[in-house]
Amino acid sequence: MTEHILVLGSNGQIGTELVTALRKAYGFNKVVACDIRRPDYDIKNAGPFEFVNVLDKENLKAVYEKYKPKQVYLLAALLSATGEQNPKLAWDLNMNGLLNVLDFSIEYRTQKVYWPSSIAVFGPSSPKNQTPQFCTMDPNTVYGISKLAGERWCEYYFQKFGLDVRSIRYPGIISWKAMPGGGTTDYAIHIFHDALKKKTYQSFLSAETDLPMMYMDDAIRGTIELMDAPAENIQIRSSYNFDGLSFNPEELAAEIRKHIPDFTLTYGDNDPRQAIANSWPKSIDDSYAEKDWNWSPKFDLQKITSEMLRNLGKG
């Protein structure tokens, strides 16, 4: 019997590239892309696609029944900035969507479940520099609150039911294939689009706002490496700290000017995303991921900038 992998929320920034990577690794017909919207890219034609709403239990159960998945990746979520505009919807989607997937994964004996957490689980009282794996966590966004609660549920289902749930606390993700979905770190993608089109960009975050970031290729590789690691190596069942590099808007702009010398960067005022960024870490200690499953990033700021401008410039 074919052993399928479900990717729920496959139309998002991470999902679009994760589906492609998984299909290359496991076979195009074994990876089922699932979303509430029809994909506007080639993924639908490159393998199976299902319309799935993770809050609709009957719909979700039917997909589990049809494919009896070996692995499930749950990416459907409302992100930080978007979530603040509709906090109860963000809580409902981020929390109940996870619980539905955990329950059906037990019922259908899914071998592994992947669910992403975020640096949004940290808050104003968390250490800002080299934020450790275990520390004070007092998130002040509904996104962060839901992710912290989700981490506890993931560990609970592992301890109570033996469900092999694995998770990563993503930093800001930088990519060129799909636009971001309303996060606080989105400036680090929009800046490349505007640099190429207008040679100027107005940042909604201040010049000195250092945040942890990662190039999409590293994020996808790290996610699959975590899922491929032997179960006995996975010592953390809440969510692993996961880091690439940290930089601020001025440092990114300086790197862009090496390619576009007349690029200018300006700053807006009173954007609500600044307060969110101020509560987040400036850098992350991901030594547990390095120790348990040999995580190591490959992309630095110079390489990310070159890759983004080269790929976006093709358009």
# chains A, B, ... in the order shown; residues from 1 in each chain; ligands from 1

$ select_by_dssp --residues "region 67-258 of chain A" --states "helix (DSSP H, G or I)" --output "number ranges by chain"
A: 67, 80-85, 87-107, 119-121, 142-161, 187-197, 216-228, 231-233, 249-257

$ residues_around --residues "Val7 (chain A)" --least-positions-apart "5" --cutoff "9 Å" --atoms "only C-alpha atoms" --output "list of chain:residue names"
A:Gly15, A:Leu18, A:Val19, A:Val31, A:Val32, A:Ala33, A:Cys34, A:Asp35, A:Gln71, A:Val72, A:Tyr73, A:Leu74, A:Leu75

$ write_last_selection --atoms "N, CA and C atoms" --output "tab-separated table (two decimals), in the first residue's frame"
chain	number	residue	atom	x	y	z
A	15	GLY	N	4.65	26.03	2.79
A	15	GLY	CA	4.02	24.86	2.20
A	15	GLY	C	4.34	24.67	0.73
A	18	LEU	N	7.85	23.24	0.64
A	18	LEU	CA	7.95	21.96	1.33
A	18	LEU	C	7.34	20.84	0.49
A	19	VAL	N	6.18	21.09	-0.12
A	19	VAL	CA	5.56	20.07	-0.97
A	19	VAL	C	6.49	19.66	-2.10
A	31	VAL	N	2.84	12.51	-2.00
A	31	VAL	CA	2.71	13.72	-1.18
A	31	VAL	C	1.46	14.47	-1.60
A	32	VAL	N	0.49	14.57	-0.69
A	32	VAL	CA	-0.80	15.16	-0.98
A	32	VAL	C	-0.83	16.60	-0.46
A	33	ALA	N	-0.90	17.55	-1.37
A	33	ALA	CA	-1.02	18.95	-1.00
A	33	ALA	C	-2.47	19.23	-0.61
A	34	CYS	N	-2.68	19.93	0.51
A	34	CYS	CA	-4.03	20.18	1.03
A	34	CYS	C	-4.15	21.63	1.46
A	35	ASP	N	-5.23	22.28	1.04
A	35	ASP	CA	-5.45	23.67	1.44
A	35	ASP	C	-6.92	24.00	1.24
A	71	GLN	N	2.81	10.25	7.32
A	71	GLN	CA	3.29	11.50	7.93
A	71	GLN	C	2.30	12.61	7.62
A	72	VAL	N	2.18	13.57	8.55
A	72	VAL	CA	1.34	14.75	8.34
A	72	VAL	C	2.13	15.98	8.74
A	73	TYR	N	2.13	16.96	7.85
A	73	TYR	CA	2.72	18.27	8.14
A	73	TYR	C	1.56	19.27	8.23
A	74	LEU	N	1.38	19.87	9.40
A	74	LEU	CA	0.31	20.85	9.60
A	74	LEU	C	0.90	22.26	9.56
A	75	LEU	N	0.65	22.96	8.47
A	75	LEU	CA	1.19	24.32	8.30
A	75	LEU	C	0.11	25.39	8.32

$ residues_around --residues "region 122-131 of chain A" --least-positions-apart "3" --cutoff "7 Å" --atoms "only C-alpha atoms" --output "JSON, numbers by chain"
{"A": [119, 135, 136, 137, 138, 139, 140, 279, 280, 281, 282, 283, 284, 285]}

$ select_by_dssp --residues "region 76-219 of chain A" --states "strand (DSSP E)" --output "ChimeraX atom specification"
/A:112-114,117-118,165-166,168-170,172-174,200-203,211-215

$ residues_around --residues "Glu107 (chain A)" --least-positions-apart "4" --cutoff "12 Å" --atoms "only C-alpha atoms" --output "list in words"
Lys61, Tyr64, Glu65, Lys68, Pro69, Asn100, Val101, Leu102, Asp103, Gln111, Phe161 and Leu163 of chain A

$ residues_around --residues "Thr141 (chain A)" --least-positions-apart "5" --cutoff "10 Å" --atoms "only C-alpha atoms" --output "PyMOL selection string"
chain A and resi 79-81+83-84+87+120-123+146-147+275-276+279

$ closest_residue --among "A:Asp243, A:Glu50, A:Glu290, A:Glu155" --to "Met216 (chain A)" --atoms "only C-alpha atoms"
A:Asp243

$ closest_residue --among "A:Asn311, A:Ser10, A:Gln274, A:Gln302" --to "Leu252 (chain A)" --atoms "only C-alpha atoms"
A:Gln302

$ atom_distance --atom1 "CA of Pro171 (chain A)" --atom2 "CA of Leu211 (chain A)"
8.0 Å

$ closest_residue --among "A:Met308, A:Ala277, A:Ile224, A:Leu99" --to "Thr209 (chain A)" --atoms "only C-alpha atoms"
A:Ala277

$ residues_around --residues "Trp91 (chain A)" --least-positions-apart "4" --cutoff "9 Å" --atoms "only C-alpha atoms" --output "PyMOL selection string"
chain A and resi 78+83+86-87+95-96+142-143+145-146

$ write_last_selection --atoms "C-alpha atoms" --output "mmCIF file, in the first residue's frame"
data_model
loop_
_atom_site.group_PDB
_atom_site.id
_atom_site.type_symbol
_atom_site.label_atom_id
_atom_site.label_comp_id
_atom_site.auth_asym_id
_atom_site.auth_seq_id
_atom_site.Cartn_x
_atom_site.Cartn_y
_atom_site.Cartn_z
ATOM 1 C CA LEU A 78 -2.853 32.679 10.993
ATOM 2 C CA GLY A 83 -3.614 37.288 13.826
ATOM 3 C CA ASN A 86 -8.639 38.833 14.223
ATOM 4 C CA PRO A 87 -7.393 37.212 17.430
ATOM 5 C CA MET A 95 -5.336 25.721 18.263
ATOM 6 C CA ASN A 96 -8.320 23.660 17.162
ATOM 7 C CA VAL A 142 -2.417 35.716 20.020
ATOM 8 C CA TYR A 143 -0.121 34.004 17.514
ATOM 9 C CA ILE A 145 0.033 32.469 22.777
ATOM 10 C CA SER A 146 -1.428 29.856 20.428
#

$ residues_around --residues "Ile236 (chain A)" --least-positions-apart "2" --cutoff "10 Å" --atoms "only C-alpha atoms" --output "list in words"
Gln133, Glu155, Val165, Arg166, Ser167, Ile168, Asn233, Ile234, Ser238, Ser239, Tyr240, Asn241, Tyr288, Ala289 and Asp292 of chain A

$ closest_residue --among "A:Lys30, A:Arg152, A:His4, A:Arg310" --to "Leu98 (chain A)" --atoms "only C-alpha atoms"
A:Arg152

$ atom_distance --atom1 "CA of Leu8 (chain A)" --atom2 "CA of Ala76 (chain A)"
6.0 Å

$ closest_residue --among "A:Gly12, A:Gly222, A:Pro132, A:Pro230" --to "Gly183 (chain A)" --atoms "only C-alpha atoms"
A:Gly12

$ atom_distance --atom1 "CA of Tyr67 (chain A)" --atom2 "CA of Lys160 (chain A)"
25.2 Å
